[in-house]
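One structure is given below, encoded as structure tokens.
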Amino acid sequence: MFLGRVAGTVWSTVKWPEAKGLKLLLVRPYRLGDLPPGVATAGAGGGAASEPTDDLVVCADTLDAGPGDDVIVAFGHAARVAVSEKLPPGSKPMVPIDAAVVAVVDRVEIAR
Amino acid sequence: MIRGTVIGQVWAARKARGLEGQTLLLVAARDADGHATGRLVVASDTLDARAGEDVTVAFGSGARNVLRPGPDNRDLLCDAAIAAIVEGAG
């Protein structure tokens with residue numbers, strides 16, 4: 001998983017049917033140099049840190065995160081497990097995604 | 001797996017159900033020489049690792065095996081977990 005800030009949204013109309021209805025966000029991961037020492041409050045306005053600087057990652061979102069939110073993103077099977085929580089019970093995580101927002105961050109505590 | 005140093009903790013009330021009860025630590029990756037690479041990883045912790053401690057982080061099914069070893073753990077929401085607290089590296 002990684003900590004990142006939502007930078008925008010992606011729309012698409014032509015996509016794999018299993019991905020229909022999934023909201024896609026652009027998330028920029030924080031790197032070590034982006035974080036200040038000490039406790040930081042995350043989220044829009046407050047800001048966990050200075051702006052993140054890494055390359056953007058496209059993530060599925062089922063938690064209604066928006067631009068400026070700090071989020072945790074999971075990769076691989078864990079991302080599909082997170083998305084499948086919103087599907088009917090018993091559904092297998094077959095959605096064609098490999099990254100998903102799994103938490104909207106309230107607080108980051110940095111000790112260094 | 002990677003080696004890194006725990007630098008903090010992340011809290012979130014709004015999260016996927018599968019993350020409930022997991023302690024999420026922020027780990028700064030280190031290279032072979034022990035220098036920070038700049039990459040940050042959020043990892044589930046079951047070993048009570050503390051800030052400043054060197055750890056190894058396992059990814060993918062290896063991470064799920066830290067939380068619950070065995071073949072029936074594909075329901076777990078975990079893609080990175082602290083697998084060991086490192087005492088030394090040469």
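Just remember, in the structure tokens the first chain shown is A, the second B, etc., residues are 1-based per chain, and ligands are 1-based in the order shown.
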Contacts between chain A and chain B, please, where a residue of chain B counts if it comes within 9 Å (with only C-alpha atoms); show its shortest atom pair and distance in Å to one decimal, rows by chain and ascending number, as a Markdown table.
```
| residue | atom | partner | partner_atom | distance |
| --- | --- | --- | --- | --- |
| B:Val6 | CA | A:Ala111 | CA | 8.6 |
| B:Ile7 | CA | A:Ala111 | CA | 5.5 |
| B:Gly8 | CA | A:Ile110 | CA | 4.2 |
| B:Gln9 | CA | A:Glu109 | CA | 5.2 |
| B:Val10 | CA | A:Val108 | CA | 4.6 |
| B:Trp11 | CA | A:Arg107 | CA | 5.2 |
| B:Ala12 | CA | A:Val105 | CA | 4.5 |
| B:Ala13 | CA | A:Asp106 | CA | 6.9 |
| B:Arg14 | CA | A:Val104 | CA | 5.5 |
| B:Lys15 | CA | A:Ala103 | CA | 3.9 |
| B:Ala16 | CA | A:Val102 | CA | 5.1 |
| B:Arg17 | CA | A:Glu85 | CA | 7.5 |
| B:Gly18 | CA | A:Ala82 | CA | 6.9 |
| B:Leu19 | CA | A:Val102 | CA | 7.5 |
| B:Leu26 | CA | A:Ile110 | CA | 8.1 |
| B:Ala28 | CA | A:Leu32 | CA | 6.7 |
| B:Ala29 | CA | A:Leu32 | CA | 9.0 |
| B:Ala36 | CA | A:Leu32 | CA | 8.2 |
| B:Thr37 | CA | A:Leu32 | CA | 8.2 |
| B:Gly38 | CA | A:Leu32 | CA | 4.7 |
| B:Arg39 | CA | A:Arg31 | CA | 5.3 |
| B:Leu40 | CA | A:Arg31 | CA | 5.7 |
| B:Val41 | CA | A:Phe2 | CA | 5.0 |
| B:Val42 | CA | A:Met1 | CA | 4.9 |
| B:Ala43 | CA | A:Met1 | CA | 6.5 |
| B:Ser44 | CA | A:Met1 | CA | 9.0 |
| B:Ala51 | CA | A:Ala111 | CA | 6.2 |
| B:Gly52 | CA | A:Arg112 | CA | 7.4 |
| B:Phe59 | CA | A:Met1 | CA | 8.9 |
| B:Gly60 | CA | A:Gly76 | CA | 7.2 |
| B:Ser61 | CA | A:His77 | CA | 8.4 |
| B:Arg74 | CA | A:His77 | CA | 7.9 |
| B:Asp75 | CA | A:Val81 | CA | 6.8 |
| B:Leu76 | CA | A:Ala78 | CA | 7.2 |
| B:Leu77 | CA | A:Ala78 | CA | 4.7 |
| B:Cys78 | CA | A:Ala78 | CA | 5.4 |
| B:Asp79 | CA | A:Ala78 | CA | 5.6 |
| B:Ala80 | CA | A:Met1 | CA | 6.1 |
```
Residues just named, written with C-alpha atoms as a compact mmCIF listing (two decimals), in the first residue's frame:
```
# COMPACT_ATOMS: atom_id res chain seq x y z
CA VAL B 6 9.33 2.56 10.44
CA ILE B 7 8.85 6.34 10.45
CA GLY B 8 5.25 6.69 11.59
CA GLN B 9 1.64 5.56 11.65
CA VAL B 10 -1.48 6.35 9.61
CA TRP B 11 -5.05 6.58 10.93
CA ALA B 12 -8.27 6.48 8.91
CA ALA B 13 -11.90 6.17 10.02
CA ARG B 14 -13.33 5.90 6.47
CA LYS B 15 -11.88 2.69 5.11
CA ALA B 16 -12.62 -0.60 3.42
CA ARG B 17 -14.16 -3.18 5.79
CA GLY B 18 -11.19 -5.47 5.25
CA LEU B 19 -8.85 -2.92 6.83
CA LEU B 26 4.59 4.13 7.34
CA ALA B 28 10.73 4.33 4.43
CA ALA B 29 12.53 1.90 2.09
CA ALA B 36 16.69 5.84 2.21
CA THR B 37 15.48 5.48 -1.39
CA GLY B 38 12.66 7.99 -0.94
CA ARG B 39 9.97 5.35 -1.50
CA LEU B 40 7.32 5.13 1.24
CA VAL B 41 5.22 2.03 1.92
CA VAL B 42 2.14 1.64 4.13
CA ALA B 43 2.34 -1.82 5.75
CA SER B 44 0.09 -3.77 8.14
CA ALA B 51 9.12 4.13 14.95
CA GLY B 52 12.85 3.99 14.25
CA PHE B 59 4.12 -7.89 -0.45
CA GLY B 60 1.27 -9.75 -2.14
CA SER B 61 0.38 -13.25 -0.95
CA ARG B 74 -7.47 -14.68 -0.17
CA ASP B 75 -10.37 -12.89 1.56
CA LEU B 76 -7.86 -10.71 3.46
CA LEU B 77 -7.35 -7.12 2.40
CA CYS B 78 -3.58 -6.82 2.71
CA ASP B 79 -0.88 -6.26 0.11
CA ALA B 80 2.03 -5.25 2.38
```
Notebook entry, point to check: DSSP on the backbone: what in chain B comes out strand (DSSP E), as a PyMOL selection string?
Noted result: chain B and resi 2-11+14-15+23-30+36-45+54-59+80-85
Output C-alpha atoms for every residue in the selection just made, as a short mmCIF file (atom, residue, chain, number, x, y, z; two decimals), in the first residue's frame.
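Final file, part.cif:
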```cif
data_model
loop_
_atom_site.label_atom_id
_atom_site.label_comp_id
_atom_site.auth_asym_id
_atom_site.auth_seq_id
_atom_site.Cartn_x
_atom_site.Cartn_y
_atom_site.Cartn_z
CA ILE B 2 12.05 -4.77 1.02
CA ARG B 3 14.00 -3.50 3.98
CA GLY B 4 13.02 -0.19 5.55
CA THR B 5 12.63 1.86 8.69
CA VAL B 6 9.33 2.56 10.44
CA ILE B 7 8.85 6.34 10.45
CA GLY B 8 5.25 6.69 11.59
CA GLN B 9 1.64 5.56 11.65
CA VAL B 10 -1.48 6.35 9.61
CA TRP B 11 -5.05 6.58 10.93
CA ARG B 14 -13.33 5.90 6.47
CA LYS B 15 -11.88 2.69 5.11
CA THR B 23 -2.41 -1.21 12.38
CA LEU B 24 -0.93 0.68 9.43
CA LEU B 25 2.67 1.85 9.67
CA LEU B 26 4.59 4.13 7.34
CA VAL B 27 7.90 2.55 6.27
CA ALA B 28 10.73 4.33 4.43
CA ALA B 29 12.53 1.90 2.09
CA ARG B 30 16.31 1.56 2.26
CA ALA B 36 16.69 5.84 2.21
CA THR B 37 15.48 5.48 -1.39
CA GLY B 38 12.66 7.99 -0.94
CA ARG B 39 9.97 5.35 -1.50
CA LEU B 40 7.32 5.13 1.24
CA VAL B 41 5.22 2.03 1.92
CA VAL B 42 2.14 1.64 4.13
CA ALA B 43 2.34 -1.82 5.75
CA SER B 44 0.09 -3.77 8.14
CA ASP B 45 1.81 -4.50 11.43
CA ASP B 54 14.36 -1.48 10.88
CA VAL B 55 11.92 -3.98 9.38
CA THR B 56 11.31 -6.15 6.35
CA VAL B 57 8.05 -5.70 4.44
CA ALA B 58 6.50 -8.55 2.44
CA PHE B 59 4.12 -7.89 -0.45
CA ALA B 80 2.03 -5.25 2.38
CA ALA B 81 2.90 -6.43 5.89
CA ILE B 82 5.82 -6.13 8.26
CA ALA B 83 7.38 -9.61 8.20
CA ALA B 84 10.35 -9.13 10.53
CA ILE B 85 12.04 -6.63 12.82
#
```
Margin query: For the alpha helix (DSSP H) assignment from backbone DSSP, which residues of chain B qualify? Please present them as JSON, numbers by chain.
Written below: {"B": [60, 61, 62, 63, 64, 65, 66, 67]}
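Shortest atom-to-atom contact with Ala7 (chain A) among A:Met94, A:Ala19, A:Val57, A:Ala100: A:Val57, counting only C-alpha atoms.
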